[in-house]
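**Student:** The structure file model_12.txt (compact mmCIF, C-alpha atoms) is provided below.
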```txt
# COMPACT_ATOMS: atom_id res chain seq x y z
CA MET A 28 102.37 76.21 125.51
CA SER A 29 104.36 76.63 128.72
CA ALA A 30 107.25 78.15 126.76
CA LEU A 31 104.83 80.59 125.10
CA ASN A 32 103.43 81.64 128.46
CA ASP A 33 106.94 82.14 129.82
CA SER A 34 107.84 84.27 126.80
CA LEU A 35 104.73 86.43 127.19
CA THR A 36 105.36 86.87 130.90
CA ALA A 37 108.94 87.91 130.20
CA ALA A 38 107.85 90.39 127.53
CA LEU A 39 104.93 91.72 129.62
CA PRO A 40 105.92 91.50 133.31
CA GLY A 41 102.49 92.60 134.52
CA LEU A 42 100.69 89.82 132.70
CA ALA A 43 100.99 87.48 135.68
CA ASP A 44 99.07 89.98 137.84
CA LEU A 45 96.02 90.00 135.58
CA THR A 46 93.20 87.58 136.36
CA GLY A 47 90.62 85.99 134.13
CA TYR A 48 88.25 88.78 135.14
CA ASP A 49 90.74 91.32 133.81
CA THR A 50 90.83 89.50 130.49
CA LEU A 51 87.04 89.41 130.26
CA ALA A 52 86.79 93.09 131.16
CA ALA A 53 89.37 94.01 128.51
CA VAL A 54 87.50 91.98 125.88
CA PHE A 55 84.26 93.68 126.93
CA LEU A 56 85.90 97.09 126.57
CA ILE A 57 87.13 96.43 123.02
CA ALA A 58 83.83 94.84 122.00
CA ALA A 59 81.90 97.83 123.36
CA TRP A 60 84.16 100.28 121.52
CA LEU A 61 83.78 98.45 118.20
CA GLY A 62 80.08 97.86 118.77
CA VAL A 63 79.34 101.50 119.50
CA GLY A 64 81.10 102.47 116.26
CA TRP A 65 78.80 100.16 114.31
CA TRP A 66 75.75 101.23 116.33
CA VAL A 67 76.30 104.91 115.60
CA GLU A 68 77.56 104.77 112.02
CA ASP A 69 76.02 101.66 110.41
CA ARG A 70 72.95 100.73 112.44
CA PRO A 71 70.13 99.93 109.97
CA ASN A 72 66.74 101.68 110.15
CA ARG A 73 67.84 104.14 112.84
CA LYS A 74 69.76 107.30 112.15
CA SER A 75 72.12 108.73 114.75
CA ALA A 76 72.78 112.44 115.14
CA SER A 77 76.11 111.96 113.35
CA THR A 78 74.42 110.24 110.40
CA LEU A 79 71.76 112.93 110.16
CA MET A 80 74.42 115.63 110.19
CA TYR A 81 76.06 113.98 107.18
CA ARG A 82 72.97 114.87 105.14
CA HIS A 83 73.14 118.46 106.32
CA ARG A 84 76.80 118.62 105.30
CA LEU A 85 75.88 117.51 101.79
CA ASN A 86 73.14 120.16 101.69
CA TRP A 87 75.65 122.74 102.90
CA MET A 88 77.97 122.02 99.98
CA ARG A 89 75.05 122.16 97.53
CA GLU A 90 74.13 125.59 98.85
CA MET A 91 77.79 126.58 98.72
CA ALA A 92 77.84 125.87 95.00
CA ARG A 93 75.11 128.47 94.44
CA ARG A 94 76.54 131.05 96.83
CA SER A 95 78.75 133.92 95.79
CA PRO A 96 81.00 134.97 97.37
CA ARG A 97 81.82 131.94 99.53
CA ILE A 98 83.39 133.76 102.46
CA LEU A 99 80.84 132.28 104.87
CA ASP A 100 81.70 128.74 103.81
CA GLY A 101 85.41 129.38 104.23
CA ASN A 102 84.89 130.77 107.73
CA LEU A 103 82.72 127.82 108.77
CA LEU A 104 85.23 125.33 107.45
CA GLY A 105 88.06 127.16 109.18
CA GLY A 106 86.21 126.77 112.48
CA LEU A 107 85.89 123.04 111.92
CA GLN A 108 89.61 122.78 111.14
CA ASN A 109 90.47 124.68 114.30
CA SER A 110 88.29 122.32 116.37
CA ALA A 111 90.02 119.26 114.95
CA SER A 112 93.42 120.85 115.51
CA PHE A 113 92.51 121.74 119.11
CA PHE A 114 91.44 118.20 119.95
CA ALA A 115 94.52 116.74 118.26
CA SER A 116 96.69 118.94 120.49
CA THR A 117 94.60 117.95 123.52
CA ALA A 118 95.09 114.27 122.67
CA LEU A 119 98.85 114.82 122.53
CA PHE A 120 98.81 116.38 125.99
CA GLY A 121 96.71 113.48 127.24
CA LEU A 122 99.15 111.03 125.66
CA GLY A 123 101.97 112.71 127.56
CA GLY A 124 99.96 112.44 130.76
CA VAL A 125 99.39 108.71 130.34
CA LEU A 126 103.08 108.16 129.57
CA ALA A 127 103.93 110.07 132.75
CA MET A 128 101.55 107.80 134.67
CA LEU A 129 103.47 104.80 133.35
CA GLY A 130 106.59 106.18 135.00
CA GLN A 131 104.76 106.77 138.28
CA ALA A 132 103.11 103.36 138.47
CA PRO A 133 104.28 102.58 142.05
CA ASN A 134 102.84 105.82 143.43
CA LEU A 135 99.74 105.39 141.28
CA GLY A 136 99.27 101.93 142.74
CA GLU A 137 99.10 103.35 146.25
CA VAL A 138 96.36 105.77 145.19
CA ALA A 139 94.42 103.07 143.30
CA HIS A 140 94.59 100.64 146.22
CA ALA A 141 93.09 103.24 148.55
CA LEU A 142 89.92 103.40 146.42
CA PRO A 143 86.91 101.14 147.14
CA PHE A 144 86.66 97.76 145.35
CA SER A 145 90.29 97.88 144.24
CA GLY A 146 92.47 94.80 144.50
CA PRO A 147 96.21 94.36 144.96
CA VAL A 148 98.23 94.65 141.77
CA SER A 149 101.90 95.30 141.12
CA ALA A 150 103.39 98.31 139.37
CA ASP A 151 103.90 96.20 136.24
CA GLY A 152 100.25 95.16 136.37
CA LEU A 153 99.18 98.81 136.55
CA ARG A 154 101.39 99.65 133.58
CA LEU A 155 99.72 96.90 131.59
CA ARG A 156 96.30 98.27 132.51
CA LEU A 157 97.38 101.71 131.34
CA THR A 158 97.90 100.36 127.82
CA ALA A 159 94.11 100.63 127.31
CA PRO A 160 93.86 104.43 127.76
CA LEU A 161 97.19 104.76 125.95
CA PHE A 162 95.75 102.97 122.91
CA PHE A 163 92.49 104.94 122.88
CA ILE A 164 94.12 108.34 123.22
CA ALA A 165 96.71 107.55 120.53
CA TYR A 166 93.90 106.41 118.22
CA ALA A 167 92.01 109.63 118.97
CA PHE A 168 95.05 111.73 118.04
CA PHE A 169 95.40 110.06 114.65
CA LYS A 170 91.68 110.49 113.96
CA PHE A 171 91.70 114.18 114.89
CA ALA A 172 94.83 114.82 112.83
CA TRP A 173 93.30 113.06 109.81
CA SER A 174 90.04 114.96 110.31
CA GLN A 175 91.93 118.26 110.26
CA ARG A 176 93.60 117.29 107.02
CA LEU A 177 90.33 116.19 105.41
CA PHE A 178 88.75 119.53 106.29
CA GLY A 179 91.74 121.06 104.49
CA TYR A 180 90.99 118.89 101.46
CA CYS A 181 87.40 120.10 101.60
CA SER A 182 88.64 123.71 101.54
CA VAL A 183 90.56 122.95 98.34
CA LEU A 184 87.50 121.31 96.78
CA ILE A 185 85.40 124.35 97.63
CA GLY A 186 88.00 126.56 96.01
CA ALA A 187 87.95 124.29 92.93
CA THR A 188 84.16 124.49 92.61
CA PRO A 189 83.33 126.85 89.70
CA GLU A 190 81.18 129.92 90.22
CA TRP A 191 77.51 129.25 89.70
CA ASP A 192 76.45 129.08 86.08
CA ALA A 193 73.18 127.42 85.10
CA ALA A 194 74.78 126.17 81.91
CA ARG A 195 77.36 124.22 83.99
CA GLU A 196 74.97 123.02 86.69
CA VAL A 197 75.83 119.31 86.35
CA GLU A 198 79.58 119.96 86.61
CA ILE A 199 79.20 122.37 89.53
CA MET A 200 76.88 120.12 91.53
CA ALA A 201 79.22 117.16 90.97
CA ALA A 202 82.04 119.26 92.46
CA ALA A 203 79.78 120.19 95.40
CA GLU A 204 78.97 116.51 95.99
CA ARG A 205 82.69 115.70 96.16
CA ALA A 206 83.25 118.45 98.68
CA GLY A 207 80.27 117.24 100.71
CA ARG A 208 81.50 113.66 100.84
CA VAL A 209 84.97 114.73 101.97
CA ASN A 210 83.37 117.01 104.57
CA GLY A 211 81.36 114.04 105.84
CA LEU A 212 84.45 111.82 106.00
CA ALA A 213 86.27 114.50 107.99
CA ALA A 214 83.36 114.68 110.43
CA ARG A 215 83.32 110.89 110.74
CA SER A 216 87.00 110.85 111.71
CA PHE A 217 86.36 113.66 114.18
CA ASN A 218 83.47 111.76 115.79
CA ARG A 219 85.57 108.60 116.05
CA GLY A 220 88.25 110.61 117.80
CA LEU A 221 85.70 111.96 120.27
CA ARG A 222 84.36 108.48 121.02
CA SER A 223 87.91 107.28 121.65
CA LEU A 224 88.40 110.10 124.15
CA TYR A 225 85.24 108.97 125.94
CA PHE A 226 86.58 105.43 126.12
CA THR A 227 89.95 106.75 127.29
CA LEU A 228 88.25 108.14 130.38
CA GLY A 229 86.25 104.96 130.84
CA SER A 230 89.29 102.70 130.53
CA LEU A 231 91.09 104.55 133.34
CA ALA A 232 88.71 102.80 135.74
CA TRP A 233 90.69 99.61 135.08
CA LEU A 234 93.25 100.98 137.55
CA ILE A 235 90.67 100.21 140.25
CA GLY A 236 89.78 96.77 138.93
CA PRO A 237 87.94 94.79 136.24
CA LEU A 238 84.49 95.42 137.73
CA ALA A 239 85.09 99.16 137.68
CA LEU A 240 86.20 98.89 134.04
CA VAL A 241 82.99 97.07 133.05
CA LEU A 242 80.80 99.59 134.88
CA SER A 243 82.59 102.62 133.42
CA THR A 244 82.43 101.10 129.93
CA CYS A 245 78.68 100.61 130.29
CA ALA A 246 78.34 104.22 131.42
CA VAL A 247 80.25 105.45 128.36
CA VAL A 248 78.13 103.31 126.01
CA LEU A 249 74.88 104.57 127.54
CA MET A 250 76.05 108.17 127.35
CA ILE A 251 76.99 107.88 123.66
CA ASN A 252 73.72 106.09 122.84
CA ARG A 253 71.69 108.82 124.52
CA ARG A 254 73.50 111.63 122.74
CA GLU A 255 73.29 109.98 119.34
CA PHE A 256 69.71 108.67 119.47
CA HIS A 257 67.70 110.19 122.34
CA SER A 258 69.03 113.71 122.94
CA GLU A 259 67.29 117.02 122.30
CA SER A 260 70.02 117.96 119.85
CA ARG A 261 69.33 114.81 117.80
CA ALA A 262 65.62 115.67 117.74
CA ALA A 263 66.42 119.21 116.57
CA ILE A 264 68.70 117.91 113.80
CA ALA A 265 66.06 115.43 112.62
CA ASP A 266 63.15 117.90 112.79
CA GLY A 267 61.47 118.12 109.40
```
Could you show the structure in this file as structure tokens?

**Tutor:**
Amino acid sequence: MSALNDSLTAALPGLADLTGYDTLAAVFLIAAWLGVGWWVEDRPNRKSASTLMYRHRLNWMREMARRSPRILDGNLLGGLQNSASFFASTALFGLGGVLAMLGQAPNLGEVAHALPFSGPVSADGLRLRLTAPLFFIAYAFFKFAWSQRLFGYCSVLIGATPEWDAAREVEIMAAAERAGRVNGLAARSFNRGLRSLYFTLGSLAWLIGPLALVLSTCAVVLMINRREFHSESRAAIADG
């Protein structure tokens, strides 16, 4: 066990600077991130705004199948693709910013130590704490990039949906259902990317200390819960 600890300390120099409270705060952060994903996407008997929007996306594709021409649908889908592409680019810029912070850990430590409730930690310890926002923002980039591609797949499926013909209704509606499901999957990846960006901001509080990380994580969880279950937008989506 001692040899394992020595190996970990050698591989991660900042590990020795982290306390048991840091470990508990990091576990709380990961548990909150995973828990919020389940709470929003799979919570039984309560529908989040994201889940309710999935139904509207299916209805959109059903209406698309009956619409001719489908210029409106193409324009709407293009806007969604542009949004995913924008956030993917934003995540890349944020990733570069976090990597730059890794190189400026000594200077960053001086700023962090000047803040209230912060404790002493070495530059290596700060670098280790920065792995949390680095992970979340990298995850967000992959989700946004995949969302953009899925919206592209949806565009192809819309193009492959035959023009409306009552005699081919079953075939056409099956094609619309496929497009709707892919549209919903694209939106799910997009929403996961957004939640990861929220947790990226929350995890930056770890630079101050474990208590700040726990408090910021709780704030992020409460904010997401309100937007998904108790916001005016959710009520408008669910109306009727």

**Student:** Point out the residue among A:Met91, A:Ile185, A:Val63, A:Leu129 with the least atom-to-atom distance to Met250 of chain A, counting all atoms listed in the file.

**Tutor:**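 Among the listed residues, the smallest separation from Met250 of chain A belongs to A:Val63.
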
**Student:** Could you check which of A:Tyr180, A:Phe171, A:Ser77, A:Ala127 is closest to Ala262 of chain A, using only C-alpha atoms?

**Tutor:** A:Ser77

**Student:** Around the point (81.5, 101.7, 123.9), in the coordinates given by the file, pick out the residues reaching within 10 Å, counting all atoms listed in the file, and return them as a VMD selection string.

**Tutor:** chain A and resid 55 to 64 66 222 to 223 225 to 226 229 243 to 252

**Student:** Between A:Leu51, A:Pro160, A:Met88, A:Phe114, which has the minimum distance to Ala202 of chain A (counting all atoms listed in the file)?

**Tutor:** A:Met88

**Student:** From the list A:Gly236, A:Ala203, A:Gln175, A:Asn102, which residue is nearest Trp191 of chain A when using all atoms listed in the file?

**Tutor:**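 For Trp191 of chain A, the nearest of the given residues is A:Ala203.
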
**Student:** Using atom CA of Arg215 of chain A and atom CA of Glu68 of chain A as the two end points, give the distance in Å to one decimal.

**Tutor:**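 Those two atoms sit 8.5 Å apart.
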
**Student:** Just how far from atom CA of Asp69 of chain A is atom CA of Leu184 of chain A, in Å to one decimal?

**Tutor:** 26.5 Å

**Student:** Which is closer to Thr46 of chain A than all the others in A:Arg84, A:Arg156, A:Arg176, A:His257, using all atoms listed in the file?

**Tutor:** A:Arg156

**Student:** A:Phe178, A:Trp65, A:Phe120, A:Tyr48: which is nearest Ala214 of chain A, counting only C-alpha atoms?

**Tutor:**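 Looking at the shortest contact to Ala214 of chain A, the residue is A:Phe178.
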
**Student:** Quick check, in Å to one decimal: how far apart do atom CA of Arg261 of chain A and atom CA of Arg70 of chain A lie?

**Tutor:** 15.5 Å

**Student:** Applying 12 Å and only C-alpha atoms, which residues near Pro96 of chain A remain after dropping the ones on its own chain fewer than 2 positions away? List them as a list in words.

**Tutor:**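 Everything that qualifies: Glu90, Met91, Ala92, Arg93, Arg94, Ile98, Leu99, Asp100, Gly101, Asn102, Ile185, Gly186, Thr188, Pro189, Glu190 and Trp191 of chain A.
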
**Student:** Can you sort out the box for segment 118-132 of chain A, edges along x, y and z, all listed atoms in, 8 Å on every side, with centre and edge lengths in Å to one decimal, as AutoDock Vina command-line options?

**Tutor:**
```
--center_x 100.8 --center_y 109.9 --center_z 130.5 --size_x 27.5 --size_y 29.0 --size_z 31.9
```

**Student:** Asn86 of chain A: which residues within 12 Å, counting all atoms listed in the file, same-chain residues fewer than 3 positions away excluded, as a tab-separated table (two decimals) with C-alpha atoms, in the coordinates of the input?

**Tutor:**
```tsv
chain	number	residue	atom	x	y	z
A	79	LEU	CA	71.76	112.93	110.16
A	80	MET	CA	74.42	115.63	110.19
A	81	TYR	CA	76.06	113.98	107.18
A	82	ARG	CA	72.97	114.87	105.14
A	83	HIS	CA	73.14	118.46	106.32
A	89	ARG	CA	75.05	122.16	97.53
A	90	GLU	CA	74.13	125.59	98.85
A	91	MET	CA	77.79	126.58	98.72
A	92	ALA	CA	77.84	125.87	95.00
A	93	ARG	CA	75.11	128.47	94.44
A	200	MET	CA	76.88	120.12	91.53
A	203	ALA	CA	79.78	120.19	95.40
A	204	GLU	CA	78.97	116.51	95.99
A	205	ARG	CA	82.69	115.70	96.16
A	206	ALA	CA	83.25	118.45	98.68
A	207	GLY	CA	80.27	117.24	100.71
A	208	ARG	CA	81.50	113.66	100.84
A	210	ASN	CA	83.37	117.01	104.57
A	211	GLY	CA	81.36	114.04	105.84
```

**Student:** Could you write segment 91-110 of chain A as a PDB file, in the coordinates of the input, with N, CA and C atoms rebuilt where they are missing?

**Tutor:**
```pdb
ATOM      1  N   MET A  91      76.528 125.889  98.991  1.00  0.00           N
ATOM      2  CA  MET A  91      77.790 126.580  98.720  1.00  0.00           C
ATOM      3  C   MET A  91      77.998 126.787  97.233  1.00  0.00           C
ATOM      4  N   ALA A  92      77.623 125.784  96.443  1.00  0.00           N
ATOM      5  CA  ALA A  92      77.840 125.870  95.000  1.00  0.00           C
ATOM      6  C   ALA A  92      77.064 127.023  94.377  1.00  0.00           C
ATOM      7  N   ARG A  93      75.932 127.389  94.985  1.00  0.00           N
ATOM      8  CA  ARG A  93      75.110 128.470  94.440  1.00  0.00           C
ATOM      9  C   ARG A  93      75.424 129.825  95.066  1.00  0.00           C
ATOM     10  N   ARG A  94      76.280 129.827  96.083  1.00  0.00           N
ATOM     11  CA  ARG A  94      76.540 131.050  96.830  1.00  0.00           C
ATOM     12  C   ARG A  94      77.737 131.792  96.262  1.00  0.00           C
ATOM     13  N   SER A  95      77.626 133.092  96.228  1.00  0.00           N
ATOM     14  CA  SER A  95      78.750 133.920  95.790  1.00  0.00           C
ATOM     15  C   SER A  95      78.651 135.278  96.499  1.00  0.00           C
ATOM     16  N   PRO A  96      79.732 135.690  97.163  1.00  0.00           N
ATOM     17  CA  PRO A  96      81.000 134.970  97.370  1.00  0.00           C
ATOM     18  C   PRO A  96      80.847 133.885  98.435  1.00  0.00           C
ATOM     19  N   ARG A  97      81.891 133.093  98.630  1.00  0.00           N
ATOM     20  CA  ARG A  97      81.820 131.940  99.530  1.00  0.00           C
ATOM     21  C   ARG A  97      82.635 132.179 100.810  1.00  0.00           C
ATOM     22  N   ILE A  98      82.635 133.410 101.245  1.00  0.00           N
ATOM     23  CA  ILE A  98      83.390 133.760 102.460  1.00  0.00           C
ATOM     24  C   ILE A  98      82.814 133.029 103.667  1.00  0.00           C
ATOM     25  N   LEU A  99      81.479 132.963 103.747  1.00  0.00           N
ATOM     26  CA  LEU A  99      80.840 132.280 104.870  1.00  0.00           C
ATOM     27  C   LEU A  99      81.279 130.832 104.949  1.00  0.00           C
ATOM     28  N   ASP A 100      81.316 130.143 103.824  1.00  0.00           N
ATOM     29  CA  ASP A 100      81.700 128.740 103.810  1.00  0.00           C
ATOM     30  C   ASP A 100      83.149 128.557 104.263  1.00  0.00           C
ATOM     31  N   GLY A 101      84.019 129.450 103.812  1.00  0.00           N
ATOM     32  CA  GLY A 101      85.410 129.380 104.230  1.00  0.00           C
ATOM     33  C   GLY A 101      85.573 129.576 105.724  1.00  0.00           C
ATOM     34  N   ASN A 102      84.813 130.527 106.283  1.00  0.00           N
ATOM     35  CA  ASN A 102      84.890 130.770 107.730  1.00  0.00           C
ATOM     36  C   ASN A 102      84.376 129.573 108.529  1.00  0.00           C
ATOM     37  N   LEU A 103      83.265 128.996 108.069  1.00  0.00           N
ATOM     38  CA  LEU A 103      82.720 127.820 108.770  1.00  0.00           C
ATOM     39  C   LEU A 103      83.693 126.660 108.726  1.00  0.00           C
ATOM     40  N   LEU A 104      84.294 126.440 107.571  1.00  0.00           N
ATOM     41  CA  LEU A 104      85.230 125.330 107.450  1.00  0.00           C
ATOM     42  C   LEU A 104      86.491 125.580 108.273  1.00  0.00           C
ATOM     43  N   GLY A 105      86.910 126.831 108.351  1.00  0.00           N
ATOM     44  CA  GLY A 105      88.060 127.160 109.180  1.00  0.00           C
ATOM     45  C   GLY A 105      87.796 126.858 110.651  1.00  0.00           C
ATOM     46  N   GLY A 106      86.565 127.100 111.099  1.00  0.00           N
ATOM     47  CA  GLY A 106      86.210 126.770 112.480  1.00  0.00           C
ATOM     48  C   GLY A 106      86.276 125.279 112.742  1.00  0.00           C
ATOM     49  N   LEU A 107      85.826 124.494 111.767  1.00  0.00           N
ATOM     50  CA  LEU A 107      85.890 123.040 111.920  1.00  0.00           C
ATOM     51  C   LEU A 107      87.340 122.562 111.956  1.00  0.00           C
ATOM     52  N   GLN A 108      88.187 123.142 111.118  1.00  0.00           N
ATOM     53  CA  GLN A 108      89.610 122.780 111.140  1.00  0.00           C
ATOM     54  C   GLN A 108      90.240 123.110 112.475  1.00  0.00           C
ATOM     55  N   ASN A 109      89.898 124.283 113.011  1.00  0.00           N
ATOM     56  CA  ASN A 109      90.470 124.680 114.300  1.00  0.00           C
ATOM     57  C   ASN A 109      90.024 123.734 115.420  1.00  0.00           C
ATOM     58  N   SER A 110      88.774 123.267 115.354  1.00  0.00           N
ATOM     59  CA  SER A 110      88.290 122.320 116.370  1.00  0.00           C
ATOM     60  C   SER A 110      89.069 121.018 116.315  1.00  0.00           C
TER      61      SER A 110
END
```
